[in-house]
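Next comes run33.cif, with mmCIF, C-alpha atoms.
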data_target
#
loop_
_atom_site.label_atom_id
_atom_site.label_comp_id
_atom_site.auth_asym_id
_atom_site.auth_seq_id
_atom_site.Cartn_x
_atom_site.Cartn_y
_atom_site.Cartn_z
CA LEU A 1 7.63 13.23 -14.65
CA GLY A 2 5.33 15.43 -16.71
CA PRO A 3 6.36 18.64 -18.47
CA ALA A 4 6.08 21.02 -15.50
CA THR A 5 8.12 18.84 -13.14
CA ALA A 6 10.66 17.99 -15.85
CA ALA A 7 11.13 21.70 -16.62
CA LYS A 8 11.67 22.45 -12.92
CA ILE A 9 14.32 19.75 -12.58
CA VAL A 10 16.09 20.84 -15.76
CA GLY A 11 16.06 24.36 -14.35
CA ASP A 12 17.65 23.08 -11.14
CA PHE A 13 20.34 21.37 -13.20
CA GLY A 14 21.04 24.59 -15.06
CA GLU A 15 22.02 26.47 -11.91
CA GLY A 16 25.65 25.40 -12.22
CA ARG A 17 25.82 22.75 -9.51
CA PHE A 18 28.11 20.53 -11.59
CA GLY A 19 31.86 20.74 -12.20
CA LYS A 20 33.47 19.95 -15.55
CA GLU A 21 34.19 16.30 -14.74
CA LEU A 22 30.65 14.94 -14.79
CA THR A 23 29.77 11.24 -14.45
CA ASP A 24 26.50 9.37 -14.95
CA ASP A 25 26.35 8.78 -11.20
CA ASP A 26 26.63 12.53 -10.54
CA VAL A 27 23.59 13.16 -12.74
CA LYS A 28 21.60 10.31 -11.19
CA GLU A 29 22.38 11.54 -7.68
CA ALA A 30 21.37 15.09 -8.56
CA LEU A 31 18.16 13.87 -10.19
CA ALA A 32 17.28 11.80 -7.12
CA GLY A 33 17.97 14.83 -4.92
CA SER A 34 15.69 17.07 -7.00
CA MET A 35 12.86 14.53 -6.93
CA THR A 36 13.25 14.03 -3.17
CA ALA A 37 13.03 17.78 -2.63
CA ILE A 38 9.74 17.85 -4.57
CA LEU A 39 8.23 14.95 -2.61
CA GLU A 40 9.49 15.92 0.85
CA PRO A 41 6.95 18.68 1.63
CA VAL A 42 4.02 16.28 1.09
CA ALA A 43 5.55 13.20 2.77
CA LYS A 44 3.82 12.15 5.98
CA PRO A 45 4.58 9.38 8.47
CA LEU A 46 2.35 6.32 8.31
CA GLU A 47 0.83 6.33 11.78
CA MET A 48 -1.26 3.37 12.88
CA HIS A 49 -2.72 3.79 16.36
CA LYS A 50 -4.74 0.88 17.74
CA PRO A 51 -8.34 1.84 18.60
CA GLU A 52 -9.84 0.58 21.85
CA ASP A 53 -12.34 -1.72 20.13
CA GLY A 54 -10.04 -3.70 17.82
CA PRO A 55 -7.00 -3.51 15.55
CA TYR A 56 -6.04 -0.64 13.28
CA VAL A 57 -7.03 -1.81 9.78
CA LEU A 58 -4.94 -0.82 6.76
CA LEU A 59 -6.26 -1.81 3.34
CA VAL A 60 -3.49 -1.98 0.73
CA CYS A 61 -4.51 -1.65 -2.90
CA GLY A 62 -3.09 -0.93 -6.35
CA VAL A 63 -2.72 -2.42 -9.82
CA ASN A 64 -0.82 -5.61 -10.67
CA GLY A 65 2.88 -5.82 -9.92
CA VAL A 66 3.43 -2.52 -8.10
CA GLY A 67 4.74 -4.15 -4.91
CA LYS A 68 1.73 -4.28 -2.58
CA THR A 69 2.65 -7.53 -0.86
CA THR A 70 6.30 -6.56 -0.44
CA THR A 71 5.27 -3.19 0.99
CA ILE A 72 3.05 -4.97 3.52
CA GLY A 73 5.99 -7.19 4.47
CA LYS A 74 8.27 -4.19 4.98
CA ILE A 75 5.73 -2.35 7.13
CA ALA A 76 5.07 -5.50 9.18
CA GLN A 77 8.79 -5.95 9.77
CA LYS A 78 9.11 -2.37 11.04
CA LEU A 79 6.04 -2.55 13.26
CA ILE A 80 7.09 -5.83 14.87
CA ALA A 81 10.87 -5.44 15.10
CA GLU A 82 11.07 -1.74 15.95
CA TYR A 83 7.81 -1.02 17.75
CA GLY A 84 6.86 -4.39 19.23
CA ARG A 85 3.39 -4.32 17.69
CA LYS A 86 1.26 -7.43 17.22
CA VAL A 87 0.46 -7.64 13.51
CA MET A 88 -1.89 -9.80 11.46
CA LEU A 89 -1.89 -10.08 7.68
CA ALA A 90 -4.95 -10.97 5.60
CA ALA A 91 -4.52 -12.59 2.18
CA GLY A 92 -7.30 -10.70 0.41
CA ASP A 93 -5.72 -11.38 -2.99
CA THR A 94 -7.43 -14.70 -3.56
CA PHE A 95 -7.02 -14.64 -7.35
CA ARG A 96 -3.34 -15.56 -7.52
CA ALA A 97 -2.03 -18.56 -5.60
CA ALA A 98 1.43 -16.98 -5.67
CA ALA A 99 0.10 -13.90 -3.88
CA ILE A 100 -1.15 -15.99 -0.96
CA GLU A 101 2.15 -17.90 -0.77
CA GLN A 102 4.15 -14.67 -0.95
CA LEU A 103 2.20 -13.15 1.95
CA GLN A 104 2.66 -16.36 3.96
CA ILE A 105 6.42 -16.07 3.45
CA TRP A 106 6.35 -12.46 4.70
CA ALA A 107 4.35 -13.56 7.75
CA GLU A 108 6.99 -16.20 8.54
CA ARG A 109 9.85 -13.76 8.03
CA THR A 110 8.41 -11.02 10.20
CA GLY A 111 6.64 -13.04 12.88
CA ALA A 112 3.21 -11.73 11.92
CA SER A 113 0.14 -13.97 12.09
CA ILE A 114 -1.85 -14.50 8.90
CA LEU A 115 -5.31 -15.48 7.75
CA ALA A 116 -5.37 -17.05 4.30
CA LYS A 117 -7.83 -19.22 2.41
CA GLU A 118 -7.60 -21.23 -0.79
CA THR A 119 -7.21 -19.59 -4.19
CA GLY A 120 -10.58 -18.38 -5.47
CA ALA A 121 -12.11 -17.85 -2.02
CA ASP A 122 -14.36 -14.83 -1.53
CA ALA A 123 -12.00 -11.95 -0.74
CA ALA A 124 -14.55 -9.98 1.28
CA ALA A 125 -15.28 -13.03 3.46
CA VAL A 126 -11.55 -13.51 4.08
CA CYS A 127 -11.26 -9.88 5.22
CA PHE A 128 -14.33 -10.18 7.47
CA GLU A 129 -12.94 -13.31 9.14
CA ALA A 130 -9.47 -11.75 9.44
CA TYR A 131 -10.87 -8.78 11.35
CA GLU A 132 -12.77 -11.06 13.74
CA LYS A 133 -9.63 -13.13 14.37
CA ALA A 134 -7.36 -10.09 14.75
CA LYS A 135 -9.80 -8.57 17.25
CA ALA A 136 -10.09 -11.82 19.22
CA GLU A 137 -6.31 -12.23 19.36
CA GLY A 138 -5.70 -8.64 20.43
CA ALA A 139 -3.73 -7.64 17.34
CA ASP A 140 -2.63 -4.01 17.13
CA VAL A 141 -2.66 -3.81 13.33
CA LEU A 142 -4.42 -5.76 10.58
CA MET A 143 -3.03 -5.24 7.07
CA ILE A 144 -5.11 -6.51 4.17
CA ASP A 145 -3.56 -7.44 0.84
CA THR A 146 -5.93 -7.06 -2.13
CA ALA A 147 -5.90 -8.42 -5.66
CA GLY A 148 -3.91 -6.40 -8.18
CA ARG A 149 -6.79 -4.92 -10.06
CA LEU A 150 -6.67 -2.73 -13.13
CA HIS A 151 -8.33 0.55 -12.23
CA ASN A 152 -10.34 0.48 -15.48
CA LYS A 153 -11.90 -2.93 -14.78
CA SER A 154 -15.21 -2.08 -13.13
CA ASN A 155 -15.95 -5.60 -11.83
CA LEU A 156 -12.62 -5.82 -10.03
CA MET A 157 -13.00 -2.35 -8.58
CA ALA A 158 -16.51 -3.30 -7.46
CA GLU A 159 -15.04 -6.18 -5.48
CA LEU A 160 -12.72 -3.76 -3.70
CA GLU A 161 -15.78 -1.73 -2.74
CA LYS A 162 -17.42 -4.95 -1.50
CA ILE A 163 -14.47 -5.62 0.81
CA ILE A 164 -14.97 -2.18 2.37
CA ARG A 165 -18.74 -2.68 2.70
CA VAL A 166 -18.20 -6.00 4.48
CA LEU A 167 -15.59 -4.50 6.82
CA LYS A 168 -18.01 -1.71 7.74
CA LYS A 169 -20.47 -4.36 8.93
CA GLN A 170 -17.90 -5.10 11.63
CA ASN A 171 -17.22 -1.46 12.40
CA GLU A 172 -18.40 1.63 10.53
CA HIS A 173 -14.96 3.23 10.86
CA LEU A 174 -13.22 0.48 8.89
CA PRO A 175 -10.84 0.56 7.21
CA HIS A 176 -8.92 3.18 9.19
CA GLY A 177 -6.49 3.72 6.32
CA VAL A 178 -6.27 2.89 2.61
CA LEU A 179 -2.75 2.77 1.21
CA LEU A 180 -2.45 2.97 -2.57
CA VAL A 181 0.83 1.53 -3.83
CA LEU A 182 2.28 3.11 -6.98
CA ASP A 183 5.20 1.94 -9.08
CA ALA A 184 7.50 4.98 -9.40
CA THR A 185 8.37 3.98 -13.00
CA THR A 186 4.72 4.17 -14.14
CA GLY A 187 4.73 7.75 -15.41
CA GLN A 188 1.65 9.84 -16.05
CA ASN A 189 -0.75 6.91 -15.70
CA ALA A 190 -0.09 7.11 -11.95
CA HIS A 191 -2.27 10.26 -11.88
CA GLU A 192 -5.16 8.28 -13.35
CA GLN A 193 -4.65 5.47 -10.85
CA VAL A 194 -4.79 7.90 -7.92
CA LYS A 195 -7.90 9.57 -9.35
CA ILE A 196 -9.87 6.35 -9.93
CA PHE A 197 -8.87 4.59 -6.70
CA GLY A 198 -9.51 7.80 -4.79
CA GLU A 199 -13.06 7.99 -6.13
CA MET A 200 -13.74 4.33 -5.33
CA VAL A 201 -12.11 3.71 -1.97
CA ASN A 202 -11.10 7.00 -0.31
CA VAL A 203 -7.33 6.62 -0.48
CA THR A 204 -5.64 8.07 2.62
CA GLY A 205 -2.00 7.59 1.64
CA LEU A 206 0.43 6.65 -1.13
CA ALA A 207 3.46 4.37 -1.10
CA VAL A 208 5.84 4.87 -4.04
CA THR A 209 7.92 1.77 -4.77
CA LYS A 210 10.94 0.71 -6.85
#

Could you quickly redo this structure as structure tokens?
Amino acid sequence: LGPATAAKIVGDFGEGRFGKELTDDDVKEALAGSMTAILEPVAKPLEMHKPEDGPYVLLVCGVNGVGKTTTIGKIAQKLIAEYGRKVMLAAGDTFRAAAIEQLQIWAERTGASILAKETGADAAAVCFEAYEKAKAEGADVLMIDTAGRLHNKSNLMAELEKIIRVLKKQNEHLPHGVLLVLDATTGQNAHEQVKIFGEMVNVTGLAVTK
């Protein structure tokens, strides 16, 4: 949590909220409550309003294994089942075959359409084609999965920038949102991830997983 946040939470714990019979679950629940109270003032709803000239485009990025694809699946489920939106998914993570298959499974589960190419395809080209298809089909939202790139690998980060450059050829306002997914168990390195991704791709929101 970092020293300042940890000290605040310990201070909260010291205010006598517990009785004598204390269980592990009591402590975990209190800890979760303290952390929620810290995050609540900065939490904002993820609003995706379809522009007149095409779908709302959300680029989802983050390092390996944080839960990007699963987060996309959850958002798609909510948009389709609760709001009746027409959603397309783009398999921009062309490095891992499993990533493409995983996104295809989420598309099947949620009823979203998907554009995917073979492993090793040019990610920027996939995103460009996905936008054209989503626009032609009248999709409300296009969510783009990207390869899990380490934020200190300049060539991988450069590819993420390329995806954005290519999207802007379609529309200078693209992407409308950039969601950075963070693993809540990461610790202080999360600050570095936010800093580097923010400098490279203008992050507009965070999703904290696990």

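Candidate residues A:Val181, A:Ile163, A:Val60, A:Ala107 were compared for distance to A:Val208, and the nearest is A:Val181, using all atoms listed in the file.
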
Subject >> Residue IDs satisfying the PyMOL selection byres ((chain A and resi 59) around 9), as number ranges by chain >> reply: A: 57-58, 60-61, 142-146, 164, 175-180

Subject >> Proximity to A:Ile105 - best of A:Gly62, A:Gly120, A:Gly73, A:Gly138, only C-alpha atoms >> reply: A:Gly73

Subject >> Distance criterion (all atoms listed in the file): nearest to A:Ile100 out of A:Leu79, A:Ala190, A:Val126, A:Met35 >> reply: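 Closest to A:Ile100, using all atoms listed in the file: A:Val126.
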
**OP:** Could you give me, as a PyMOL selection string, the residues within 10 Å of stretch 108-118 of chain A, counting only C-alpha atoms and dropping anything in the same chain fewer than 3 positions from it?
**Re:** chain A and resi 73-81+85-97+100-101+103-105+121-123+125-127+129-131+133-134+137+139+141-144

What's the 10 Å shell around A:Ile9, counting all atoms listed in the file, without same-chain residues fewer than 6 positions away, as a PDB file with C-alpha atoms, keeping the file's coordinate frame?
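around-v2.pdb, freshly written:
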ATOM      1  CA  LEU A   1       7.630  13.230 -14.650  1.00  0.00           C
ATOM      2  CA  PRO A   3       6.360  18.640 -18.470  1.00  0.00           C
ATOM      3  CA  ALA A  30      21.370  15.090  -8.560  1.00  0.00           C
ATOM      4  CA  LEU A  31      18.160  13.870 -10.190  1.00  0.00           C
ATOM      5  CA  GLY A  33      17.970  14.830  -4.920  1.00  0.00           C
ATOM      6  CA  SER A  34      15.690  17.070  -7.000  1.00  0.00           C
ATOM      7  CA  MET A  35      12.860  14.530  -6.930  1.00  0.00           C
ATOM      8  CA  ILE A  38       9.740  17.850  -4.570  1.00  0.00           C
TER       9      ILE A  38
END
